[in-house]
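Next up, input-v9.txt (compact mmCIF, C-alpha atoms and all ligand atoms):
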```txt
# COMPACT_ATOMS: atom_id res chain seq x y z
CA MET A 1 -30.45 -20.64 18.17
CA VAL A 2 -31.54 -18.19 15.51
CA GLU A 3 -35.14 -17.04 15.67
CA LYS A 4 -37.32 -18.39 12.86
CA SER A 5 -38.00 -15.11 11.09
CA PHE A 6 -34.24 -14.51 10.91
CA ILE A 7 -33.61 -17.92 9.39
CA GLY A 8 -35.89 -16.71 6.61
CA LEU A 9 -33.86 -13.51 6.44
CA GLY A 10 -30.67 -15.56 6.20
CA GLU A 11 -32.10 -17.58 3.32
CA ARG A 12 -33.09 -14.40 1.51
CA ALA A 13 -29.57 -13.01 2.07
CA LEU A 14 -28.16 -16.22 0.60
CA GLU A 15 -30.25 -15.80 -2.56
CA HIS A 16 -28.69 -12.37 -3.12
CA ALA A 17 -25.20 -13.65 -2.34
CA ARG A 18 -25.70 -16.44 -4.86
CA VAL A 19 -26.27 -13.89 -7.64
CA LEU A 20 -23.43 -11.59 -6.54
CA ALA A 21 -20.77 -14.25 -5.96
CA ARG A 22 -21.09 -15.91 -9.36
CA ARG A 23 -17.74 -14.32 -10.11
CA GLY A 24 -15.03 -12.15 -8.62
CA ARG A 25 -15.79 -8.43 -8.38
CA GLY A 26 -12.48 -6.61 -8.60
CA SER A 27 -12.33 -3.04 -7.34
CA ALA A 28 -13.31 -0.53 -10.06
CA THR A 29 -14.15 -3.25 -12.60
CA GLN A 30 -17.14 -4.03 -14.78
CA ALA A 31 -18.12 -6.87 -12.43
CA GLU A 32 -18.21 -4.48 -9.47
CA ALA A 33 -20.43 -2.13 -11.49
CA GLU A 34 -22.75 -5.04 -12.31
CA ALA A 35 -23.02 -5.88 -8.61
CA ALA A 36 -23.98 -2.24 -7.99
CA ARG A 37 -26.66 -2.47 -10.67
CA TYR A 38 -28.07 -5.65 -9.14
CA VAL A 39 -28.29 -4.02 -5.71
CA GLN A 40 -29.99 -0.97 -7.17
CA GLU A 41 -32.56 -3.13 -8.98
CA VAL A 42 -33.36 -5.11 -5.84
CA LEU A 43 -33.87 -1.92 -3.84
CA ALA A 44 -36.11 -0.48 -6.54
CA LYS A 45 -38.20 -3.66 -6.52
CA LEU A 46 -38.52 -3.40 -2.75
CA GLY A 47 -39.98 0.05 -3.23
CA VAL A 48 -37.11 1.93 -1.57
CA GLU A 49 -37.64 5.40 -2.98
CA ASP A 50 -34.38 7.13 -2.30
CA VAL A 51 -31.68 5.13 -4.11
CA HIS A 52 -28.80 6.58 -6.05
CA GLN A 53 -25.36 5.71 -7.33
CA GLN A 54 -22.39 7.76 -6.27
CA PRO A 55 -19.68 7.39 -8.91
CA PHE A 56 -16.02 8.01 -8.04
CA ARG A 57 -12.57 7.19 -9.35
CA GLY A 58 -11.12 4.32 -7.35
CA LEU A 59 -7.78 2.59 -7.04
CA ARG A 60 -7.82 -0.73 -8.90
CA SER A 61 -5.11 -2.56 -6.96
CA LEU A 62 -3.93 -2.25 -3.38
CA TRP A 63 -1.02 -4.48 -4.34
CA LEU A 64 0.34 -1.98 -6.86
CA PHE A 65 0.27 0.63 -4.13
CA LEU A 66 2.27 -1.75 -1.92
CA ALA A 67 4.71 -2.35 -4.80
CA LEU A 68 5.21 1.41 -5.05
CA ALA A 69 5.72 1.88 -1.30
CA PHE A 70 8.02 -1.11 -0.80
CA GLY A 71 9.79 -0.33 -4.08
CA LEU A 72 10.77 3.02 -2.54
CA ALA A 73 11.96 1.14 0.56
CA LEU A 74 14.11 -1.08 -1.71
CA VAL A 75 15.65 2.09 -3.17
CA GLY A 76 16.51 3.04 0.42
CA HIS A 77 18.25 -0.30 1.01
CA ALA A 78 20.05 -0.14 -2.33
CA ALA A 79 21.29 3.39 -1.63
CA TRP A 80 22.92 2.25 1.61
CA TRP A 81 24.54 -0.83 0.15
CA MET A 82 25.57 0.53 -3.26
CA LEU A 83 26.24 4.24 -2.88
CA ARG A 84 28.64 4.25 0.07
CA ALA A 85 31.65 3.32 -2.07
CA PRO A 86 31.13 5.91 -4.81
CA LEU A 87 29.57 8.72 -2.68
CA GLY A 88 30.68 8.22 0.92
CA THR A 89 28.80 7.04 4.00
CA TRP A 90 26.84 10.19 4.87
CA GLU A 91 25.86 10.97 1.33
CA ALA A 92 24.60 7.40 0.83
CA LEU A 93 22.73 7.61 4.14
CA ALA A 94 21.07 10.86 3.07
CA VAL A 95 19.77 9.30 -0.17
CA SER A 96 18.66 6.21 1.75
CA LEU A 97 16.77 8.27 4.34
CA ILE A 98 14.96 10.25 1.64
CA ALA A 99 13.76 7.03 -0.05
CA PHE A 100 12.64 5.44 3.25
CA GLY A 101 10.99 8.72 4.22
CA MET A 102 8.92 8.74 1.02
CA SER A 103 7.98 5.08 1.46
CA GLY A 104 6.92 5.62 5.07
CA TYR A 105 4.96 8.77 4.22
CA LEU A 106 3.02 6.94 1.50
CA LEU A 107 2.16 4.05 3.84
CA TRP A 108 1.18 6.43 6.63
CA ARG A 109 -1.13 8.51 4.44
CA LYS A 110 -2.70 5.51 2.69
CA PHE A 111 -3.45 3.57 5.87
CA THR A 112 -4.74 6.57 7.76
CA PHE A 113 -7.12 6.86 4.77
CA ARG A 114 -5.84 10.14 3.36
CA SER A 115 -4.60 11.25 -0.05
CA TYR A 116 -0.93 10.53 -0.76
CA PRO A 117 1.75 11.69 -3.21
CA LEU A 118 2.08 9.76 -6.47
CA GLN A 119 -1.42 8.28 -6.09
CA GLU A 120 -2.32 9.41 -9.61
CA THR A 121 0.54 7.30 -10.98
CA LEU A 122 -1.36 4.15 -9.94
CA PRO A 123 -4.14 2.70 -12.14
CA HIS A 124 -7.59 3.98 -11.25
CA GLY A 125 -10.98 3.19 -12.74
CA LEU A 126 -14.63 4.13 -12.44
CA SER A 127 -16.18 2.75 -9.27
CA GLN A 128 -19.43 3.48 -7.43
CA ASN A 129 -21.36 3.30 -4.22
CA VAL A 130 -25.05 2.53 -4.12
CA ILE A 131 -26.66 4.62 -1.40
CA ALA A 132 -30.25 4.22 -0.25
CA THR A 133 -32.23 5.86 2.51
CA ILE A 134 -35.09 4.24 4.37
CA PRO A 135 -36.95 6.88 6.38
CA PRO A 136 -38.56 6.16 9.77
CA GLN A 137 -42.27 6.47 10.47
CA GLY A 138 -41.86 9.65 12.48
CA GLU A 139 -39.37 12.50 12.40
CA VAL A 140 -35.68 11.65 12.07
CA ARG A 141 -33.89 11.83 15.39
CA GLN A 142 -31.01 9.48 14.67
CA ARG A 143 -29.24 7.89 11.73
CA VAL A 144 -27.67 4.49 11.22
CA VAL A 145 -25.62 3.61 8.13
CA LEU A 146 -25.37 -0.08 7.24
CA VAL A 147 -22.17 -0.61 5.26
CA SER A 148 -21.29 -3.57 3.04
CA HIS A 149 -18.74 -3.54 0.25
CA LEU A 150 -19.47 -4.77 -3.26
CA ASP A 151 -15.95 -5.64 -4.40
CA SER A 152 -13.82 -8.73 -3.75
CA HIS A 153 -10.05 -9.10 -3.32
CA ARG A 154 -7.44 -10.73 -5.51
CA ALA A 155 -6.93 -14.31 -4.39
CA VAL A 156 -3.27 -13.62 -3.64
CA ILE A 157 -1.10 -16.59 -2.59
CA TRP A 158 -0.70 -15.23 0.98
CA TYR A 159 -4.34 -16.05 1.72
CA ALA A 160 -4.35 -19.48 0.08
CA ASN A 161 -4.24 -21.61 3.23
CA ASP A 162 -4.29 -21.21 7.02
CA TRP A 163 -0.51 -21.44 7.41
CA LEU A 164 0.17 -18.80 4.79
CA VAL A 165 -2.43 -16.52 6.40
CA ARG A 166 -0.72 -16.98 9.78
CA ALA A 167 2.69 -16.19 8.25
CA TYR A 168 1.24 -13.17 6.44
CA THR A 169 -0.42 -11.84 9.61
CA LEU A 170 2.80 -12.30 11.57
CA VAL A 171 5.17 -10.82 8.98
CA SER A 172 3.14 -7.96 7.50
CA PRO A 173 3.53 -5.60 10.52
CA LEU A 174 7.28 -6.27 10.34
CA VAL A 175 7.34 -5.38 6.67
CA VAL A 176 5.38 -2.16 7.27
CA TRP A 177 7.29 -1.10 10.39
CA GLY A 178 10.57 -2.18 8.81
CA VAL A 179 10.26 0.96 6.66
CA ALA A 180 10.84 2.97 9.86
CA VAL A 181 13.32 0.56 11.49
CA ALA A 182 15.69 -0.04 8.54
CA PRO A 183 16.81 3.60 8.17
CA LEU A 184 17.37 3.67 11.94
CA LEU A 185 19.63 0.62 11.69
CA TYR A 186 21.61 2.12 8.81
CA THR A 187 22.00 5.38 10.75
CA LEU A 188 23.29 3.38 13.74
CA GLN A 189 25.83 1.68 11.49
CA ALA A 190 26.95 5.06 10.12
CA VAL A 191 27.36 6.46 13.65
CA THR A 192 28.93 3.45 15.41
CA GLY A 193 30.61 1.70 12.50
CA TRP A 194 29.14 -1.63 13.68
CA THR A 195 28.26 -3.72 10.66
CA VAL A 196 25.76 -5.82 12.62
CA PHE A 197 23.24 -2.98 12.28
CA GLY A 198 23.66 -3.02 8.52
CA TRP A 199 23.04 -6.76 8.35
CA LEU A 200 19.88 -6.43 10.44
CA GLY A 201 18.80 -3.76 7.97
CA ALA A 202 19.50 -6.18 5.14
CA VAL A 203 17.15 -8.75 6.72
CA LEU A 204 14.41 -6.13 6.53
CA GLY A 205 15.53 -5.56 2.95
CA VAL A 206 14.65 -9.19 2.18
CA LEU A 207 11.19 -8.65 3.68
CA HIS A 208 10.74 -5.49 1.63
CA PHE A 209 11.72 -7.39 -1.49
CA LEU A 210 9.05 -9.95 -0.61
CA GLY A 211 6.50 -7.15 -0.14
CA TRP A 212 7.46 -5.50 -3.43
CA PHE A 213 7.47 -8.82 -5.31
CA SER A 214 4.04 -9.77 -3.92
CA GLY A 215 2.85 -6.33 -5.00
CA VAL A 216 4.00 -6.51 -8.61
CA THR A 217 2.82 -10.09 -9.14
CA ALA A 218 -0.46 -10.11 -7.17
CA ASP A 219 -2.62 -8.91 -10.05
CA LEU A 220 -1.59 -11.75 -12.34
CA GLY A 221 -4.07 -14.04 -10.60
CA PRO A 222 -7.89 -14.09 -10.50
CA TYR A 223 -10.20 -12.37 -8.04
CA SER A 224 -11.80 -14.26 -5.19
CA PRO A 225 -15.52 -14.92 -5.85
CA GLY A 226 -16.01 -13.09 -2.56
CA ALA A 227 -19.05 -14.96 -1.22
CA ASN A 228 -18.27 -14.53 2.47
CA ASP A 229 -16.17 -11.41 1.78
CA ASN A 230 -18.46 -9.72 1.10
CA ALA A 231 -21.50 -10.80 -0.97
CA ALA A 232 -22.85 -12.28 2.28
CA SER A 233 -22.91 -8.83 3.89
CA VAL A 234 -24.53 -7.22 0.86
CA GLY A 235 -27.16 -9.99 0.96
CA ILE A 236 -27.87 -9.42 4.66
CA VAL A 237 -28.25 -5.66 4.17
CA LEU A 238 -30.62 -6.22 1.23
CA ALA A 239 -32.66 -8.66 3.32
CA LEU A 240 -32.74 -6.14 6.16
CA ALA A 241 -33.90 -3.47 3.71
CA GLU A 242 -36.87 -5.68 2.85
CA ARG A 243 -37.70 -6.02 6.53
CA LEU A 244 -37.30 -2.30 7.15
CA GLN A 245 -39.68 -1.53 4.29
CA ALA A 246 -42.29 -3.71 6.00
CA GLU A 247 -41.49 -2.58 9.56
CA PRO A 248 -39.93 0.91 9.47
CA LEU A 249 -38.30 2.16 12.65
CA ALA A 250 -39.91 4.91 14.70
CA HIS A 251 -37.35 7.70 14.60
CA THR A 252 -34.21 6.22 13.08
CA GLU A 253 -33.34 6.83 9.46
CA VAL A 254 -31.40 3.90 8.01
CA ARG A 255 -29.01 4.53 5.17
CA LEU A 256 -27.63 1.64 3.21
CA ALA A 257 -24.16 2.09 1.76
CA PHE A 258 -23.06 -0.58 -0.71
CA THR A 259 -19.51 0.53 -1.36
CA GLY A 260 -16.95 0.07 -4.13
CA CYS A 261 -13.18 -0.23 -3.80
CA GLU A 262 -13.12 -1.32 -0.14
CA GLU A 263 -10.41 -3.84 -0.93
CA THR A 264 -8.08 -1.18 -2.29
CA GLY A 265 -8.31 1.05 0.78
CA CYS A 266 -11.96 1.81 1.68
CA GLU A 267 -12.21 4.32 -1.15
CA GLY A 268 -15.99 4.01 -1.49
CA MET A 269 -16.41 4.71 2.22
CA LEU A 270 -14.14 7.75 1.90
CA ALA A 271 -16.17 8.99 -1.09
CA LEU A 272 -19.35 8.58 0.99
CA LEU A 273 -17.86 10.52 3.92
CA ARG A 274 -16.74 13.26 1.53
CA GLU A 275 -20.23 13.60 0.05
CA GLN A 276 -22.44 13.01 3.09
CA GLY A 277 -20.07 13.38 6.06
CA GLU A 278 -21.72 16.58 7.26
CA ALA A 279 -25.18 14.94 7.47
CA LEU A 280 -23.74 11.75 9.00
CA LYS A 281 -21.58 13.38 11.70
CA ASP A 282 -23.64 11.85 14.50
CA ALA A 283 -24.69 8.69 12.67
CA LEU A 284 -23.71 5.19 13.74
CA PHE A 285 -21.99 3.21 10.99
CA ILE A 286 -22.42 -0.57 11.19
CA ASP A 287 -20.03 -2.32 8.84
CA LEU A 288 -20.47 -6.01 8.05
CA GLU A 289 -17.54 -8.23 7.08
CA LEU A 290 -17.41 -12.00 6.44
CA PRO A 291 -20.71 -12.76 8.22
CA GLY A 292 -21.63 -15.99 6.45
CA ILE A 293 -19.66 -18.82 8.06
CA GLY A 294 -19.48 -19.74 11.72
CA GLU A 295 -21.26 -19.47 15.04
CA ARG A 296 -19.44 -16.71 16.97
CA LEU A 297 -20.42 -13.08 16.50
CA VAL A 298 -17.60 -10.63 17.19
CA TYR A 299 -16.86 -6.92 16.77
CA LEU A 300 -13.42 -5.48 16.10
CA PRO A 301 -12.31 -3.50 19.17
CA VAL A 302 -9.05 -2.32 17.59
CA GLU A 303 -7.72 -2.11 14.06
CA GLY A 304 -5.15 -0.35 11.95
CA VAL A 305 -2.19 -1.04 9.70
CA VAL A 306 0.06 1.87 10.71
CA ARG A 307 -1.59 2.97 13.94
CA GLN A 308 -4.12 1.29 16.13
CA ARG A 309 -7.51 2.87 16.54
CA ARG A 310 -10.10 1.81 19.11
CA ILE A 311 -13.84 1.56 18.81
CA PRO A 312 -15.46 4.63 20.46
CA ALA A 313 -16.57 3.70 24.01
CA GLU A 314 -20.25 4.56 23.55
CA VAL A 315 -20.42 2.52 20.32
CA GLU A 316 -18.82 -0.43 22.07
CA ARG A 317 -21.33 -0.19 24.91
CA LEU A 318 -24.24 -0.07 22.47
CA VAL A 319 -23.20 -3.09 20.38
CA LEU A 320 -22.39 -5.10 23.50
CA GLU A 321 -25.81 -4.39 24.98
CA ALA A 322 -27.59 -5.21 21.73
CA GLY A 323 -25.38 -8.25 21.22
CA LYS A 324 -25.76 -9.72 24.70
CA GLU A 325 -28.39 -12.26 23.70
CA PHE A 326 -26.16 -13.32 20.77
CA GLY A 327 -23.03 -13.76 22.88
CA LEU A 328 -21.31 -10.95 20.98
CA GLN A 329 -17.68 -10.56 22.02
CA ALA A 330 -14.62 -8.56 21.09
CA ALA A 331 -12.66 -10.28 18.29
CA PRO A 332 -9.71 -12.17 19.74
CA GLY A 333 -6.12 -11.69 18.65
CA SER A 334 -4.21 -8.81 17.20
CA ALA A 335 -5.80 -6.42 14.75
CA ALA A 336 -2.44 -5.29 13.38
CA GLY A 337 -2.43 -5.39 9.62
CA TYR A 338 -6.20 -5.33 9.20
CA PHE A 339 -8.35 -2.48 8.02
CA THR A 340 -12.08 -2.20 7.51
CA GLU A 341 -14.44 0.59 6.60
CA ALA A 342 -15.23 1.01 10.30
CA GLY A 343 -11.57 1.84 10.93
CA ALA A 344 -11.60 4.28 8.01
CA ALA A 345 -14.61 5.98 9.62
CA TRP A 346 -12.84 6.10 13.02
CA GLU A 347 -9.85 7.78 11.38
CA HIS A 348 -12.12 10.58 10.21
CA GLY A 349 -13.89 10.99 13.54
CA PHE A 350 -17.08 8.98 12.89
CA ASN A 351 -18.86 6.46 15.10
CA ALA A 352 -18.58 2.97 13.66
CA ALA A 353 -18.43 -0.71 14.51
CA CYS A 354 -17.37 -3.64 12.34
CA LEU A 355 -19.21 -6.92 12.94
CA VAL A 356 -17.77 -10.26 11.84
CA THR A 357 -18.65 -13.94 12.25
CA LEU A 358 -16.01 -16.50 13.25
CA PRO A 359 -16.32 -20.28 13.46
CA LEU A 360 -15.98 -22.14 16.76
CA GLY A 361 -12.39 -23.10 17.48
CA SER A 362 -10.66 -20.82 14.98
CA ASN A 363 -9.76 -17.15 14.99
CA LEU A 364 -9.01 -17.04 11.28
CA LEU A 365 -11.44 -15.25 8.97
CA PRO A 366 -13.26 -18.01 7.03
CA GLU A 367 -12.36 -18.09 3.30
CA TRP A 368 -10.74 -14.64 3.49
CA HIS A 369 -9.59 -13.62 -0.03
CA ARG A 370 -9.55 -17.21 -1.31
CA LEU A 371 -10.63 -18.79 -4.57
CA THR A 372 -12.70 -21.16 -2.44
CA ASP A 373 -14.76 -18.28 -1.04
CA ARG A 374 -17.78 -19.64 -2.89
CA VAL A 375 -21.45 -19.38 -2.11
CA GLU A 376 -21.79 -23.13 -1.33
CA ARG A 377 -19.81 -22.51 1.85
CA LEU A 378 -22.18 -19.89 3.23
CA GLN A 379 -24.48 -20.93 6.05
CA PRO A 380 -28.00 -19.43 6.00
CA GLU A 381 -28.12 -19.74 9.78
CA ALA A 382 -24.96 -17.62 10.14
CA LEU A 383 -26.42 -15.02 7.77
CA GLY A 384 -29.65 -15.00 9.77
CA ARG A 385 -27.78 -14.67 13.07
CA MET A 386 -25.89 -11.59 11.82
CA GLY A 387 -29.13 -10.15 10.45
CA ALA A 388 -30.77 -10.64 13.85
CA LEU A 389 -27.85 -8.91 15.58
CA VAL A 390 -28.01 -5.89 13.27
CA TRP A 391 -31.77 -5.77 13.79
CA ALA A 392 -31.19 -5.74 17.55
CA VAL A 393 -28.69 -2.87 17.19
CA LEU A 394 -31.22 -0.93 15.11
CA GLY A 395 -33.90 -1.62 17.71
CA ARG A 396 -31.68 -0.40 20.50
CA VAL A 397 -30.76 2.81 18.69
CA ASP A 398 -34.42 3.43 17.86
CA GLY A 399 -35.60 2.42 21.34
CA SER A 400 -33.41 4.99 23.02
CA TYR A 401 -35.74 7.63 21.54
CA THR A 402 -39.10 5.92 21.76
CA ALA A 403 -38.76 4.52 25.29
ZN ZN A 501 -14.31 -7.47 3.10
```

Go ahead and express the file in the form of structure tokens.
Amino acid sequence: MVEKSFIGLGERALEHARVLARRGRGSATQAEAEAARYVQEVLAKLGVEDVHQQPFRGLRSLWLFLALAFGLALVGHAAWWMLRAPLGTWEALAVSLIAFGMSGYLLWRKFTFRSYPLQETLPHGLSQNVIATIPPQGEVRQRVVLVSHLDSHRAVIWYANDWLVRAYTLVSPLVVWGVAVAPLLYTLQAVTGWTVFGWLGAVLGVLHFLGWFSGVTADLGPYSPGANDNAASVGIVLALAERLQAEPLAHTEVRLAFTGCEETGCEGMLALLREQGEALKDALFIDLELPGIGERLVYLPVEGVVRQRRIPAEVERLVLEAGKEFGLQAAPGSAAGYFTEAGAAWEHGFNAACLVTLPLGSNLLPEWHRLTDRVERLQPEALGRMGALVWAVLGRVDGSYTA
């Protein structure tokens, strides 16, 4: 059951999502900028005084980054298979290791949310965050940042149906970790002379081809309308802003971060941390993802593409306490291959939690990166439930100082 006032909040969130999800909002595109403008106008109408845009240059396609990284891995495979005859085994291995090393370094830096070599060779464009601050009634003793991203992902074939998503989730860690395993296999072949190692390496080569091919072709298709991912979250945060304007907290300042370029590697979040990290060192970041379909509220306990990071213990305790009445639980299944802005914050030493809604009987993210991620599928009750949970988290943070 969702309390009545939060059903109203869910309906208000849906109205915003309806405007935002009229079309796809690619990272660092005109449509993303329009979404930012809409959010800014709504906040101004609500009377939020401190609203500004933070412009930054953002990556336009995560898939082109993957094409670059896996392309370097393919060079590593090719060096082993094609250079041994003309150059000799050890010379070919050396070239191969250099190429795999570069590929691995790029993946490591990108997915630990740090700058990486060759990043300027990839297409970038103007992107922006909208950042607003809602002050408390009294002095500021604590800060919470509500995070929701403005952009939507390419509707790449791998997300098109449940079976493809399952295959993608299963295979993508293999493709990523294959960049470390393949050079090991080729080294073993060089040392032992056993060709079986080389053939195992070649199997990874096929996966890397698949990764590279997906990367170079992904941007030929349209963007997902991104209703559940993530217009729904933006809508909830806007609806919460309205409520906070009417009922400000006692001693907790709430910042709202509507971010650009999340889908290409949390670049808006990183820009925010660069600009305001010092002031937000002790803040709690609450990141909303796909909150509009389903009945089960979950938080992500672990995430990471190249290394797994865990939610800080005190943050986990807080969201579990606040979420008790909503049946909040840790998200089931493996987090390998996923990243969110909460994980990007963890990587840089910040306190964050990512909250998601799942349907009963399925652990797949509803409508994730699909063309069918349209506003008609959103459920106002689900939006209201997530809004109520975030409100409870805010109340708990604020209560710890007013009690
Ligand atoms: Zn998202």

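All residues of protein, DNA or RNA that reach within 10 Å of Leu14 of chain A, judged by only C-alpha atoms and not counting those fewer than 3 positions away in the chain, are Gly8, Leu9, Gly10, Glu11, Ala17, Arg18, Val19, Leu20, Ala227, Ala231, Ala232, Ser233, Val234, Gly235, Ile236, Ala239, Gly292, Val375, Glu376, Leu378, Gln379, Pro380, Glu381, Leu383 and Gly384 of chain A.
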
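Using all atoms listed in the file, the contacts of Leu74 of chain A at a cut-off of 8 Å, with sequence neighbours closer than 5 positions omitted, comprise Gly205, His208 and Phe209 of chain A.
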
May I have the residues within 7 Å of segment 316-332 of chain A as JSON, numbers by chain, using only C-alpha atoms and disregarding those fewer than 5 positions away in the same chain?
-> {"A": [297, 298, 299, 300, 301, 311, 363, 389, 392, 393, 396]}

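The gap separating atom CA of His348 of chain A from atom CA of Asp229 of chain A is 23.9 Å, in Å to one decimal.
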
Enumerate, in order of chain and increasing residue number, the residues of chain A with an atom no farther than 10 Å from ligand ZN 501 (chain A), each with its shortest atom pair and distance in Å to one decimal, counting only C-alpha atoms and all ligand atoms, as CSV.
```
residue,atom,partner,partner_atom,distance
A:Ser148,CA,A:ZN501,ZN,8.0
A:His149,CA,A:ZN501,ZN,6.6
A:Leu150,CA,A:ZN501,ZN,8.6
A:Asp151,CA,A:ZN501,ZN,7.9
A:Ser152,CA,A:ZN501,ZN,7.0
A:His153,CA,A:ZN501,ZN,7.9
A:Gly226,CA,A:ZN501,ZN,8.2
A:Ala227,CA,A:ZN501,ZN,9.9
A:Asn228,CA,A:ZN501,ZN,8.1
A:Asp229,CA,A:ZN501,ZN,4.6
A:Asn230,CA,A:ZN501,ZN,5.1
A:Ala231,CA,A:ZN501,ZN,8.9
A:Ala232,CA,A:ZN501,ZN,9.8
A:Ser233,CA,A:ZN501,ZN,8.7
A:Glu262,CA,A:ZN501,ZN,7.1
A:Glu263,CA,A:ZN501,ZN,6.7
A:Cys266,CA,A:ZN501,ZN,9.7
A:Asp287,CA,A:ZN501,ZN,9.6
A:Leu288,CA,A:ZN501,ZN,8.0
A:Glu289,CA,A:ZN501,ZN,5.2
A:Leu290,CA,A:ZN501,ZN,6.4
A:Pro291,CA,A:ZN501,ZN,9.8
A:Phe339,CA,A:ZN501,ZN,9.2
A:Thr340,CA,A:ZN501,ZN,7.2
A:Glu341,CA,A:ZN501,ZN,8.8
A:Val356,CA,A:ZN501,ZN,9.8
A:Trp368,CA,A:ZN501,ZN,8.0
A:His369,CA,A:ZN501,ZN,8.4
```

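We find atom CA of Gly47 of chain A and atom CA of Arg243 of chain A to be spaced 11.7 Å apart.
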
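Among A:Phe65, A:Phe113, A:Tyr338, A:Phe213, the residue with the shortest atom-to-atom distance to Ala271 of chain A, counting all atoms listed in the file, is A:Phe113.
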
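We find atom CA of Gln119 of chain A and atom CA of Ala342 of chain A to be spaced 22.6 Å apart.
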